[in-house]
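*Asks:* Here you go, this is start35.pdb (PDB, C-alpha atoms and all ligand atoms).
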```pdb
ATOM      1  CA  MET A 242       1.784 102.751  60.143  1.00  0.00           C
ATOM      2  CA  MET A 243       5.345 103.095  61.409  1.00  0.00           C
ATOM      3  CA  THR A 244       5.390 101.663  64.870  1.00  0.00           C
ATOM      4  CA  SER A 245       8.132 101.160  67.406  1.00  0.00           C
ATOM      5  CA  ASN A 246       6.327 100.146  70.578  1.00  0.00           C
ATOM      6  CA  PHE A 247       4.886  96.737  69.835  1.00  0.00           C
ATOM      7  CA  PRO A 248       4.340  94.966  73.171  1.00  0.00           C
ATOM      8  CA  LEU A 249       7.198  92.753  74.224  1.00  0.00           C
ATOM      9  CA  PRO A 250       6.285  89.164  75.102  1.00  0.00           C
ATOM     10  CA  ARG A 251       5.126  88.510  78.614  1.00  0.00           C
ATOM     11  CA  PRO A 252       7.668  86.914  80.960  1.00  0.00           C
ATOM     12  CA  LEU A 253       8.049  83.204  80.542  1.00  0.00           C
ATOM     13  CA  ARG A 254       6.000  80.945  82.738  1.00  0.00           C
ATOM     14  CA  ARG A 255       8.267  78.142  83.931  1.00  0.00           C
ATOM     15  CA  SER A 256       5.525  75.560  83.405  1.00  0.00           C
ATOM     16  CA  LEU A 257       5.613  76.083  79.615  1.00  0.00           C
ATOM     17  CA  SER A 258       6.939  73.149  77.679  1.00  0.00           C
ATOM     18  CA  LEU A 259       9.660  73.716  75.126  1.00  0.00           C
ATOM     19  CA  ALA A 260       9.119  70.284  73.616  1.00  0.00           C
ATOM     20  CA  SER A 261       5.675  71.263  72.366  1.00  0.00           C
ATOM     21  CA  ALA A 262       6.827  74.628  71.024  1.00  0.00           C
ATOM     22  CA  ARG A 263       5.712  75.655  67.557  1.00  0.00           C
ATOM     23  CA  THR A 264       8.063  76.893  64.884  1.00  0.00           C
ATOM     24  CA  MET A 265       7.686  79.908  62.647  1.00  0.00           C
ATOM     25  CA  ARG A 266      10.028  80.271  59.684  1.00  0.00           C
ATOM     26  CA  ILE A 267      11.024  83.790  58.815  1.00  0.00           C
ATOM     27  CA  VAL A 268      12.973  84.893  55.758  1.00  0.00           C
ATOM     28  CA  VAL A 269      14.815  88.218  55.818  1.00  0.00           C
ATOM     29  CA  LEU A 270      15.016  89.899  52.395  1.00  0.00           C
ATOM     30  CA  GLY A 271      16.553  93.139  51.226  1.00  0.00           C
ATOM     31  CA  GLN A 272      19.344  94.670  49.224  1.00  0.00           C
ATOM     32  CA  SER A 273      22.977  94.141  50.091  1.00  0.00           C
ATOM     33  CA  ALA A 274      24.360  95.859  53.213  1.00  0.00           C
ATOM     34  CA  VAL A 275      21.012  96.885  54.716  1.00  0.00           C
ATOM     35  CA  GLY A 276      21.802  94.892  57.888  1.00  0.00           C
ATOM     36  CA  LYS A 277      20.055  91.556  57.244  1.00  0.00           C
ATOM     37  CA  THR A 278      22.856  89.487  58.739  1.00  0.00           C
ATOM     38  CA  GLU A 279      22.453  91.340  62.026  1.00  0.00           C
ATOM     39  CA  MET A 280      18.966  89.856  62.324  1.00  0.00           C
ATOM     40  CA  ILE A 281      19.963  86.226  61.922  1.00  0.00           C
ATOM     41  CA  TYR A 282      19.805  83.843  64.808  1.00  0.00           C
ATOM     42  CA  ARG A 283      17.404  81.389  66.302  1.00  0.00           C
ATOM     43  CA  HIS A 284      15.032  83.042  68.694  1.00  0.00           C
ATOM     44  CA  THR A 285      12.571  81.522  71.118  1.00  0.00           C
ATOM     45  CA  ALA A 286       9.889  83.616  72.769  1.00  0.00           C
ATOM     46  CA  ALA A 287       6.860  83.065  74.952  1.00  0.00           C
ATOM     47  CA  MET A 288       3.907  84.333  72.947  1.00  0.00           C
ATOM     48  CA  ASP A 289       0.380  84.278  74.347  1.00  0.00           C
ATOM     49  CA  GLY A 290       1.449  81.796  77.001  1.00  0.00           C
ATOM     50  CA  GLU A 291       3.160  79.364  74.621  1.00  0.00           C
ATOM     51  CA  PHE A 292       6.692  78.966  73.347  1.00  0.00           C
ATOM     52  CA  VAL A 293       7.382  79.758  69.710  1.00  0.00           C
ATOM     53  CA  HIS A 294      10.688  78.954  68.005  1.00  0.00           C
ATOM     54  CA  PHE A 295      11.623  81.372  65.262  1.00  0.00           C
ATOM     55  CA  GLU A 296      13.878  80.053  62.528  1.00  0.00           C
ATOM     56  CA  ILE A 297      15.308  83.051  60.723  1.00  0.00           C
ATOM     57  CA  LEU A 298      16.958  82.783  57.357  1.00  0.00           C
ATOM     58  CA  ASP A 299      18.981  85.413  55.521  1.00  0.00           C
ATOM     59  CA  THR A 300      19.210  85.977  51.811  1.00  0.00           C
ATOM     60  CA  ALA A 301      22.546  87.089  50.458  1.00  0.00           C
ATOM     61  CA  GLY A 302      21.790  90.350  48.673  1.00  0.00           C
ATOM     62  CA  GLN A 303      22.956  90.379  45.066  1.00  0.00           C
ATOM     63  CA  ASP A 304      25.076  87.228  45.425  1.00  0.00           C
ATOM     64  CA  GLU A 305      22.117  84.895  45.329  1.00  0.00           C
ATOM     65  CA  ASP A 306      20.499  83.649  42.144  1.00  0.00           C
ATOM     66  CA  SER A 307      16.762  83.878  41.627  1.00  0.00           C
ATOM     67  CA  LEU A 308      16.235  80.132  42.099  1.00  0.00           C
ATOM     68  CA  GLN A 309      17.862  80.222  45.529  1.00  0.00           C
ATOM     69  CA  ILE A 310      15.751  83.203  46.529  1.00  0.00           C
ATOM     70  CA  GLU A 311      12.616  81.477  45.268  1.00  0.00           C
ATOM     71  CA  GLU A 312      13.410  78.360  47.362  1.00  0.00           C
ATOM     72  CA  LYS A 313      13.870  80.471  50.451  1.00  0.00           C
ATOM     73  CA  ILE A 314      10.663  82.409  49.829  1.00  0.00           C
ATOM     74  CA  LYS A 315       8.744  79.138  49.472  1.00  0.00           C
ATOM     75  CA  TRP A 316      10.260  77.935  52.762  1.00  0.00           C
ATOM     76  CA  GLY A 317       9.118  80.964  54.777  1.00  0.00           C
ATOM     77  CA  ASP A 318       5.945  81.401  56.823  1.00  0.00           C
ATOM     78  CA  GLY A 319       6.584  85.125  57.166  1.00  0.00           C
ATOM     79  CA  PHE A 320       8.901  87.768  55.722  1.00  0.00           C
ATOM     80  CA  ALA A 321      10.858  90.775  56.916  1.00  0.00           C
ATOM     81  CA  VAL A 322      11.687  93.031  53.967  1.00  0.00           C
ATOM     82  CA  VAL A 323      14.532  95.269  55.092  1.00  0.00           C
ATOM     83  CA  TYR A 324      15.879  98.537  53.739  1.00  0.00           C
ATOM     84  CA  SER A 325      18.376 100.947  55.177  1.00  0.00           C
ATOM     85  CA  VAL A 326      17.236 104.499  55.894  1.00  0.00           C
ATOM     86  CA  THR A 327      20.672 105.550  54.598  1.00  0.00           C
ATOM     87  CA  ASP A 328      20.232 103.912  51.185  1.00  0.00           C
ATOM     88  CA  ARG A 329      17.527 105.095  48.794  1.00  0.00           C
ATOM     89  CA  CYS A 330      18.123 102.195  46.368  1.00  0.00           C
ATOM     90  CA  SER A 331      17.414  99.664  49.106  1.00  0.00           C
ATOM     91  CA  PHE A 332      14.119 101.472  49.759  1.00  0.00           C
ATOM     92  CA  ASP A 333      13.224 101.348  46.055  1.00  0.00           C
ATOM     93  CA  GLU A 334      13.793  97.585  46.113  1.00  0.00           C
ATOM     94  CA  VAL A 335      11.184  96.944  48.836  1.00  0.00           C
ATOM     95  CA  MET A 336       8.168  97.025  46.565  1.00  0.00           C
ATOM     96  CA  ARG A 337       9.701  94.566  44.102  1.00  0.00           C
ATOM     97  CA  LEU A 338      10.537  92.119  46.900  1.00  0.00           C
ATOM     98  CA  CYS A 339       7.013  92.344  48.332  1.00  0.00           C
ATOM     99  CA  PHE A 340       5.552  91.573  44.911  1.00  0.00           C
ATOM    100  CA  LEU A 341       7.968  88.673  44.493  1.00  0.00           C
ATOM    101  CA  ILE A 342       6.882  87.133  47.818  1.00  0.00           C
ATOM    102  CA  ASN A 343       3.221  87.437  46.916  1.00  0.00           C
ATOM    103  CA  HIS A 344       3.758  86.137  43.410  1.00  0.00           C
ATOM    104  CA  ILE A 345       5.632  83.033  44.571  1.00  0.00           C
ATOM    105  CA  HIS A 346       3.173  82.264  47.367  1.00  0.00           C
ATOM    106  CA  SER A 347       0.057  82.830  45.306  1.00  0.00           C
ATOM    107  CA  ASN A 348       1.446  80.441  42.667  1.00  0.00           C
ATOM    108  CA  ALA A 349       2.340  77.863  45.333  1.00  0.00           C
ATOM    109  CA  ARG A 350      -1.099  78.163  46.929  1.00  0.00           C
ATOM    110  CA  LYS A 351      -2.801  78.251  43.527  1.00  0.00           C
ATOM    111  CA  GLY A 352      -4.643  81.416  44.426  1.00  0.00           C
ATOM    112  CA  THR A 353      -6.276  79.897  47.505  1.00  0.00           C
ATOM    113  CA  GLY A 354      -5.710  80.977  51.073  1.00  0.00           C
ATOM    114  CA  ASP A 355      -4.072  83.974  52.663  1.00  0.00           C
ATOM    115  CA  LEU A 356      -0.775  85.352  51.487  1.00  0.00           C
ATOM    116  CA  PRO A 357       2.008  85.151  54.077  1.00  0.00           C
ATOM    117  CA  PRO A 358       2.553  87.990  56.533  1.00  0.00           C
ATOM    118  CA  VAL A 359       5.154  90.581  55.599  1.00  0.00           C
ATOM    119  CA  VAL A 360       6.617  93.410  57.662  1.00  0.00           C
ATOM    120  CA  ILE A 361       8.755  96.199  56.279  1.00  0.00           C
ATOM    121  CA  VAL A 362      11.836  97.018  58.324  1.00  0.00           C
ATOM    122  CA  ALA A 363      13.585 100.388  58.042  1.00  0.00           C
ATOM    123  CA  ASN A 364      16.997  99.669  59.549  1.00  0.00           C
ATOM    124  CA  LYS A 365      19.911 101.886  60.695  1.00  0.00           C
ATOM    125  CA  LYS A 366      17.742 104.569  62.253  1.00  0.00           C
ATOM    126  CA  ASP A 367      20.735 105.388  64.492  1.00  0.00           C
ATOM    127  CA  LEU A 368      22.505 106.940  61.469  1.00  0.00           C
ATOM    128  CA  GLN A 369      20.413 110.122  61.547  1.00  0.00           C
ATOM    129  CA  PHE A 370      23.019 112.261  59.763  1.00  0.00           C
ATOM    130  CA  ASP A 371      23.257 109.851  56.809  1.00  0.00           C
ATOM    131  CA  ARG A 372      19.533 109.429  56.417  1.00  0.00           C
ATOM    132  CA  MET A 373      18.207 109.375  52.836  1.00  0.00           C
ATOM    133  CA  VAL A 374      14.730 107.938  53.445  1.00  0.00           C
ATOM    134  CA  SER A 375      12.408 109.812  55.801  1.00  0.00           C
ATOM    135  CA  THR A 376      10.112 108.125  58.301  1.00  0.00           C
ATOM    136  CA  GLU A 377       7.175 109.581  56.329  1.00  0.00           C
ATOM    137  CA  ASP A 378       8.335 107.976  53.077  1.00  0.00           C
ATOM    138  CA  GLY A 379       8.561 104.630  54.873  1.00  0.00           C
ATOM    139  CA  GLU A 380       5.079 105.062  56.314  1.00  0.00           C
ATOM    140  CA  LYS A 381       3.620 105.991  52.915  1.00  0.00           C
ATOM    141  CA  LEU A 382       5.066 102.905  51.268  1.00  0.00           C
ATOM    142  CA  ALA A 383       3.892 100.649  54.103  1.00  0.00           C
ATOM    143  CA  LYS A 384       0.414 102.137  53.859  1.00  0.00           C
ATOM    144  CA  ALA A 385       0.309 101.611  50.096  1.00  0.00           C
ATOM    145  CA  LEU A 386       1.389  97.993  50.484  1.00  0.00           C
ATOM    146  CA  LYS A 387      -0.837  97.498  53.556  1.00  0.00           C
ATOM    147  CA  TYR A 388       1.993  96.101  55.655  1.00  0.00           C
ATOM    148  CA  PRO A 389       3.201  97.134  59.101  1.00  0.00           C
ATOM    149  CA  CYS A 390       6.514  98.981  59.150  1.00  0.00           C
ATOM    150  CA  TYR A 391       9.112  99.160  61.913  1.00  0.00           C
ATOM    151  CA  GLU A 392      11.949 101.624  62.053  1.00  0.00           C
ATOM    152  CA  ILE A 393      14.762 100.000  64.003  1.00  0.00           C
ATOM    153  CA  SER A 394      18.485  99.844  64.614  1.00  0.00           C
ATOM    154  CA  THR A 395      19.787  96.294  64.721  1.00  0.00           C
ATOM    155  CA  ARG A 396      23.043  97.793  65.983  1.00  0.00           C
ATOM    156  CA  ASP A 397      21.477  99.490  68.996  1.00  0.00           C
ATOM    157  CA  SER A 398      18.650  97.226  70.001  1.00  0.00           C
ATOM    158  CA  TYR A 399      18.116  93.500  70.011  1.00  0.00           C
ATOM    159  CA  GLU A 400      14.637  94.090  71.436  1.00  0.00           C
ATOM    160  CA  GLU A 401      13.565  96.059  68.352  1.00  0.00           C
ATOM    161  CA  THR A 402      14.661  93.183  66.141  1.00  0.00           C
ATOM    162  CA  ALA A 403      12.783  90.691  68.314  1.00  0.00           C
ATOM    163  CA  MET A 404       9.680  92.878  67.987  1.00  0.00           C
ATOM    164  CA  VAL A 405       9.774  92.405  64.215  1.00  0.00           C
ATOM    165  CA  PHE A 406       9.658  88.620  64.606  1.00  0.00           C
ATOM    166  CA  ASN A 407       6.946  88.800  67.239  1.00  0.00           C
ATOM    167  CA  ALA A 408       4.909  91.101  64.995  1.00  0.00           C
ATOM    168  CA  LEU A 409       5.140  88.561  62.161  1.00  0.00           C
ATOM    169  CA  TYR A 410       3.875  85.864  64.494  1.00  0.00           C
ATOM    170  CA  TYR A 411       0.892  88.014  65.471  1.00  0.00           C
ATOM    171  CA  GLU A 412       0.218  88.803  61.804  1.00  0.00           C
ATOM    172  CA  LEU A 413       0.149  85.064  61.076  1.00  0.00           C
ATOM    173  CA  MET A 414      -2.220  84.507  63.994  1.00  0.00           C
ATOM    174  CA  LYS A 415      -4.460  87.334  62.726  1.00  0.00           C
ATOM    175  CA  GLN A 416      -5.040  85.429  59.502  1.00  0.00           C
ATOM    176  CA  GLY A 417      -7.322  83.294  61.617  1.00  0.00           C
ATOM    177  CA  ASN A 418      -6.713  79.837  60.230  1.00  0.00           C
ATOM    178  CA  LEU A 419      -3.742  79.230  62.517  1.00  0.00           C
ATOM    179  CA  SER A 420      -4.819  79.439  66.136  1.00  0.00           C
ATOM    180  CA  PRO A 421      -1.931  79.001  68.608  1.00  0.00           C
ATOM    181  CA  GLY A 422      -3.091  75.446  69.314  1.00  0.00           C
ATOM    182  CA  SER A 423      -3.108  74.380  65.663  1.00  0.00           C
ATOM    183  CA  PHE A 424       0.167  75.956  64.593  1.00  0.00           C
ATOM    184  CA  LYS A 425       2.463  73.572  62.721  1.00  0.00           C
ATOM    185  CA  LYS A 426       4.885  71.645  64.894  1.00  0.00           C
ATOM    186  CA  ARG A 427       8.157  70.912  63.129  1.00  0.00           C
ATOM    187  CA  SER A 428      11.601  69.699  63.867  1.00  0.00           C
ATOM    188  CA  VAL A 429      14.451  72.123  63.203  1.00  0.00           C
ATOM    189  CA  SER A 430      15.049  72.454  59.461  1.00  0.00           C
ATOM    190  CA  LYS A 431      18.272  71.190  57.902  1.00  0.00           C
ATOM    191  CA  LEU A 432      18.680  74.676  56.509  1.00  0.00           C
ATOM    192  CA  MET A 433      18.870  76.044  60.044  1.00  0.00           C
ATOM    193  CA  GLU A 434      21.398  73.652  61.522  1.00  0.00           C
ATOM    194  CA  LYS A 435      24.273  75.940  60.630  1.00  0.00           C
ATOM    195  CA  ILE A 436      22.739  78.912  62.399  1.00  0.00           C
ATOM    196  CA  PRO A 437      23.839  79.394  66.009  1.00  0.00           C
ATOM    197  CA  LYS A 438      21.343  79.558  68.782  1.00  0.00           C
ATOM    198  CA  LEU A 439      21.883  82.493  71.089  1.00  0.00           C
ATOM    199  CA  TYR A 440      21.091  82.193  74.756  1.00  0.00           C
ATOM    200  CA  ALA A 441      20.356  84.768  77.398  1.00  0.00           C
ATOM    201  CA  ASN A 442      23.493  86.622  78.499  1.00  0.00           C
ATOM    202  CA  SER A 443      25.428  85.369  75.514  1.00  0.00           C
ATOM    203  CA  THR A 444      27.376  87.718  73.301  1.00  0.00           C
ATOM    204  CA  LEU A 445      27.784  87.842  69.570  1.00  0.00           C
ATOM    205  CA  SER A 446      31.133  88.996  68.312  1.00  0.00           C
ATOM    206  CA  ALA A 447      30.320  89.160  64.589  1.00  0.00           C
ATOM    207  CA  ASN A 448      31.739  92.309  63.014  1.00  0.00           C
ATOM    208  CA  GLY A 449      33.875  92.768  66.121  1.00  0.00           C
ATOM    209  CA  ARG A 450      30.936  93.938  68.197  1.00  0.00           C
ATOM    210  CA  SER A 451      29.222  92.454  71.201  1.00  0.00           C
ATOM    211  CA  LEU A 452      25.494  92.449  71.723  1.00  0.00           C
ATOM    212  CA  SER A 453      24.084  91.825  75.145  1.00  0.00           C
ATOM    213  CA  PHE A 454      20.881  89.834  75.508  1.00  0.00           C
ATOM    214  CA  ASN A 455      20.387  90.407  79.233  1.00  0.00           C
ATOM    215  CA  SER A 456      16.967  91.935  78.787  1.00  0.00           C
ATOM    216  CA  PHE A 457      15.700  88.724  77.212  1.00  0.00           C
ATOM    217  CA  ARG A 458      16.846  86.615  80.173  1.00  0.00           C
ATOM    218  CA  ASP A 459      13.263  85.767  81.030  1.00  0.00           C
ATOM    219  CA  TYR A 460      12.198  84.751  77.557  1.00  0.00           C
ATOM    220  CA  ILE A 461      14.922  82.419  76.386  1.00  0.00           C
ATOM    221  CA  PRO A 462      15.245  78.954  77.876  1.00  0.00           C
ATOM    222  CA  GLU A 463      18.362  77.564  79.488  1.00  0.00           C
TER     223      GLU A 463
HETATM  224  N1  LIG B 501      24.950 102.026  62.154  1.00  0.00           N
HETATM  225  C1  LIG B 501      24.374 100.850  61.874  1.00  0.00           C
HETATM  226  N2  LIG B 501      25.023  99.948  61.122  1.00  0.00           N
HETATM  227  C2  LIG B 501      24.419  98.777  60.863  1.00  0.00           C
HETATM  228  C3  LIG B 501      23.115  98.470  61.351  1.00  0.00           C
HETATM  229  N3  LIG B 501      22.774  97.229  60.899  1.00  0.00           N
HETATM  230  C4  LIG B 501      23.827  96.789  60.177  1.00  0.00           C
HETATM  231  N4  LIG B 501      24.812  97.715  60.149  1.00  0.00           N
HETATM  232  C5  LIG B 501      26.104  97.618  59.463  1.00  0.00           C
HETATM  233  O1  LIG B 501      25.853  97.602  58.052  1.00  0.00           O
HETATM  234  C6  LIG B 501      26.818  96.773  57.389  1.00  0.00           C
HETATM  235  C7  LIG B 501      26.093  95.747  56.517  1.00  0.00           C
HETATM  236  O2  LIG B 501      25.374  94.867  57.363  1.00  0.00           O
HETATM  237  P1  LIG B 501      25.081  93.363  56.939  1.00  0.00           P
HETATM  238  O3  LIG B 501      24.284  92.752  58.048  1.00  0.00           O
HETATM  239  O4  LIG B 501      26.324  92.667  56.525  1.00  0.00           O
HETATM  240  O5  LIG B 501      24.174  93.594  55.648  1.00  0.00           O
HETATM  241  P2  LIG B 501      23.448  92.493  54.739  1.00  0.00           P
HETATM  242  O6  LIG B 501      22.114  93.062  54.407  1.00  0.00           O
HETATM  243  O7  LIG B 501      23.445  91.162  55.413  1.00  0.00           O
HETATM  244  O8  LIG B 501      24.363  92.493  53.444  1.00  0.00           O
HETATM  245  P3  LIG B 501      24.614  91.267  52.366  1.00  0.00           P
HETATM  246  O9  LIG B 501      25.160  90.116  53.161  1.00  0.00           O
HETATM  247  O10 LIG B 501      25.597  91.861  51.396  1.00  0.00           O
HETATM  248  O11 LIG B 501      23.300  90.966  51.726  1.00  0.00           O
HETATM  249  C8  LIG B 501      27.663  96.140  58.482  1.00  0.00           C
HETATM  250  O12 LIG B 501      28.861  96.885  58.594  1.00  0.00           O
HETATM  251  C9  LIG B 501      26.827  96.304  59.744  1.00  0.00           C
HETATM  252  O13 LIG B 501      27.606  96.403  60.915  1.00  0.00           O
HETATM  253  C10 LIG B 501      22.441  99.460  62.150  1.00  0.00           C
HETATM  254  O14 LIG B 501      21.313  99.307  62.628  1.00  0.00           O
HETATM  255  N5  LIG B 501      23.125 100.621  62.360  1.00  0.00           N
END
```
Any chance you could give the structure as C-alpha cells?
Ligand SMILES: Nc1nc2c(ncn2[C@@H]2O[C@H](COP(=O)(O)OP(=O)(O)OP(=O)(O)O)[C@@H](O)[C@H]2O)c(=O)[nH]1

*Replies:*
Amino acid sequence: MMTSNFPLPRPLRRSLSLASARTMRIVVLGQSAVGKTEMIYRHTAAMDGEFVHFEILDTAGQDEDSLQIEEKIKWGDGFAVVYSVTDRCSFDEVMRLCFLINHIHSNARKGTGDLPPVVIVANKKDLQFDRMVSTEDGEKLAKALKYPCYEISTRDSYEETAMVFNALYYELMKQGNLSPGSFKKRSVSKLMEKIPKLYANSTLSANGRSLSFNSFRDYIPE
C-alpha cells in the first residue's frame, strides 16, 4: 500500500542514552539519477523510547560492479529500493533489485531466518508534469512484492525521507526476533566514516541547494 503518513518518531526524552544506541544499516539501491544521493547521511532518531543510529549507504547506479553491489547488500540490515516517478526504466529495475537482495540474503543465511526488510521508494513526486509512473502502478508493484511503498520527494521533504528509514526499522522489529532490547550494538562502520553526520539546524549545500532540518530539532542529539 502506498503510504505517506507513517507516524513520525516521538520527541526525544532527554534521559535517553546515546551511548547505548543501536545501529541499523540501510542500503539505498536504484537506477542512476533517481535521487539516491539525496537520501545519504547519518540519521539518529528516538524510536519507541530508544535511540537508533541509522547508517545509510548509497550504491552508485550503473558505475558500480556487481561484486561491489553484492558486498553492500550483504552489509545491509534493511533496503530502500528507489525509483523516480519520472523514469519508467528506473521503475522496471525495482523488481530485479528486490530479487537480488533476497537472493543474496537467502544464500548468506542458507535459507534460514527472515529475509531483510525492504521498502520501495517512489521519488520525485514533486515533478507532477514529468510523471511517467502512476501512483497506482507503484502500489500494484508493491502489493505484488509484498513490500511497503512510499511516494516522496527528497527535494521537498527531509521528513518523508526520514519516514522511509523509520519504516525500515519498524519492519525489522516486526520480524520478531529483534526486540528493541536485543538489537545489535555496533560501532560506526569503516564504510560510514566518510559520510557526514547532519545535525539539527544544519544545512546541506550539495547540488547548490540548502535543506533545513529544523523540524528534526527534537530528535537529533547535540
Ligand atoms: N525535482 C526533484 N529532483 C530530485 C529529487 N531527488 C533528486 N533529484 C535530482 O535528481 C538528480 C539525480 O539525483 P542523484 O541523487 O544524484 O541521483 P542518484 O540516484 O544518486 O544517481 P547516481 O549517483 O548516478 O546513481 C539531481 O539533480 C537531484 O537534484 C526530487 O525529489 N525532486

*Asks:* Could you work out how far atom C5 of ligand LIG 501 (chain B) lies from CA of Glu311 in chain A, giving the answer in Å with one decimal?

*Replies:* 25.4 Å

*Asks:* Expand the PyMOL selection byres (((chain A and resi 387) around 12) and not hetatm) into the explicit residue set it covers here, and present it as a list in words.

*Replies:* Met242, Met243, Met336, Cys339, Pro358, Val359, Val360, Ile361, Gly379, Glu380, Lys381, Leu382, Ala383, Lys384, Ala385, Leu386, Tyr388, Pro389 and Cys390 of chain A

*Asks:* Using 8 Å of padding on each side, determine the axis-aligned box around all atoms of ligand LIG 501 (chain B) present in the file and give its centre and edge lengths in Å to one decimal, as lines of an AutoDock Vina configuration file.

*Replies:*
```
center_x = 25.1
center_y = 96.1
center_z = 57.0
size_x = 23.5
size_y = 27.9
size_z = 27.2
```

*Asks:* Using the chain letters and residue numbers of this document, give as a PDB file with C-alpha atoms, in the frame of the given file the residues selected by the PyMOL selection byres (((not hetatm)) within 10 of (chain B and resi 501)).

*Replies:*
```pdb
ATOM      1  CA  VAL A 269      14.815  88.218  55.818  1.00  0.00           C
ATOM      2  CA  LEU A 270      15.016  89.899  52.395  1.00  0.00           C
ATOM      3  CA  GLY A 271      16.553  93.139  51.226  1.00  0.00           C
ATOM      4  CA  GLN A 272      19.344  94.670  49.224  1.00  0.00           C
ATOM      5  CA  SER A 273      22.977  94.141  50.091  1.00  0.00           C
ATOM      6  CA  ALA A 274      24.360  95.859  53.213  1.00  0.00           C
ATOM      7  CA  VAL A 275      21.012  96.885  54.716  1.00  0.00           C
ATOM      8  CA  GLY A 276      21.802  94.892  57.888  1.00  0.00           C
ATOM      9  CA  LYS A 277      20.055  91.556  57.244  1.00  0.00           C
ATOM     10  CA  THR A 278      22.856  89.487  58.739  1.00  0.00           C
ATOM     11  CA  GLU A 279      22.453  91.340  62.026  1.00  0.00           C
ATOM     12  CA  MET A 280      18.966  89.856  62.324  1.00  0.00           C
ATOM     13  CA  ILE A 281      19.963  86.226  61.922  1.00  0.00           C
ATOM     14  CA  ASP A 299      18.981  85.413  55.521  1.00  0.00           C
ATOM     15  CA  THR A 300      19.210  85.977  51.811  1.00  0.00           C
ATOM     16  CA  ALA A 301      22.546  87.089  50.458  1.00  0.00           C
ATOM     17  CA  GLY A 302      21.790  90.350  48.673  1.00  0.00           C
ATOM     18  CA  GLN A 303      22.956  90.379  45.066  1.00  0.00           C
ATOM     19  CA  ASP A 304      25.076  87.228  45.425  1.00  0.00           C
ATOM     20  CA  GLU A 305      22.117  84.895  45.329  1.00  0.00           C
ATOM     21  CA  VAL A 323      14.532  95.269  55.092  1.00  0.00           C
ATOM     22  CA  TYR A 324      15.879  98.537  53.739  1.00  0.00           C
ATOM     23  CA  SER A 325      18.376 100.947  55.177  1.00  0.00           C
ATOM     24  CA  VAL A 326      17.236 104.499  55.894  1.00  0.00           C
ATOM     25  CA  THR A 327      20.672 105.550  54.598  1.00  0.00           C
ATOM     26  CA  SER A 331      17.414  99.664  49.106  1.00  0.00           C
ATOM     27  CA  ALA A 363      13.585 100.388  58.042  1.00  0.00           C
ATOM     28  CA  ASN A 364      16.997  99.669  59.549  1.00  0.00           C
ATOM     29  CA  LYS A 365      19.911 101.886  60.695  1.00  0.00           C
ATOM     30  CA  LYS A 366      17.742 104.569  62.253  1.00  0.00           C
ATOM     31  CA  ASP A 367      20.735 105.388  64.492  1.00  0.00           C
ATOM     32  CA  LEU A 368      22.505 106.940  61.469  1.00  0.00           C
ATOM     33  CA  GLN A 369      20.413 110.122  61.547  1.00  0.00           C
ATOM     34  CA  ASP A 371      23.257 109.851  56.809  1.00  0.00           C
ATOM     35  CA  GLU A 392      11.949 101.624  62.053  1.00  0.00           C
ATOM     36  CA  ILE A 393      14.762 100.000  64.003  1.00  0.00           C
ATOM     37  CA  SER A 394      18.485  99.844  64.614  1.00  0.00           C
ATOM     38  CA  THR A 395      19.787  96.294  64.721  1.00  0.00           C
ATOM     39  CA  ARG A 396      23.043  97.793  65.983  1.00  0.00           C
ATOM     40  CA  ASP A 397      21.477  99.490  68.996  1.00  0.00           C
ATOM     41  CA  SER A 398      18.650  97.226  70.001  1.00  0.00           C
ATOM     42  CA  TYR A 399      18.116  93.500  70.011  1.00  0.00           C
ATOM     43  CA  THR A 402      14.661  93.183  66.141  1.00  0.00           C
ATOM     44  CA  ALA A 447      30.320  89.160  64.589  1.00  0.00           C
ATOM     45  CA  ASN A 448      31.739  92.309  63.014  1.00  0.00           C
ATOM     46  CA  GLY A 449      33.875  92.768  66.121  1.00  0.00           C
ATOM     47  CA  ARG A 450      30.936  93.938  68.197  1.00  0.00           C
TER      48      ARG A 450
END
```

*Asks:* Rounded to one decimal place, report the CA of Leu341 in chain A-CA of Gln309 in chain A distance in Å.

*Replies:* 13.1 Å

*Asks:* Could you check the closest approach to Met373 in chain A for each of A:Ala408, A:Arg337, A:Cys330, A:Asn348 and tell me which residue wins, using all atoms listed in the file?

*Replies:*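 Ranked by minimum distance to Met373 in chain A, first place goes to A:Cys330.
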
*Asks:* Work out how far CA of Ala403 in chain A is from CA of Thr376 in chain A, in Å to one decimal.

*Replies:* 20.3 Å

*Asks:* Counting only C-alpha atoms, which of A:Leu409, A:Leu338, A:Val322, A:Leu356 gets nearest to Val293 in chain A?

*Replies:* A:Leu409
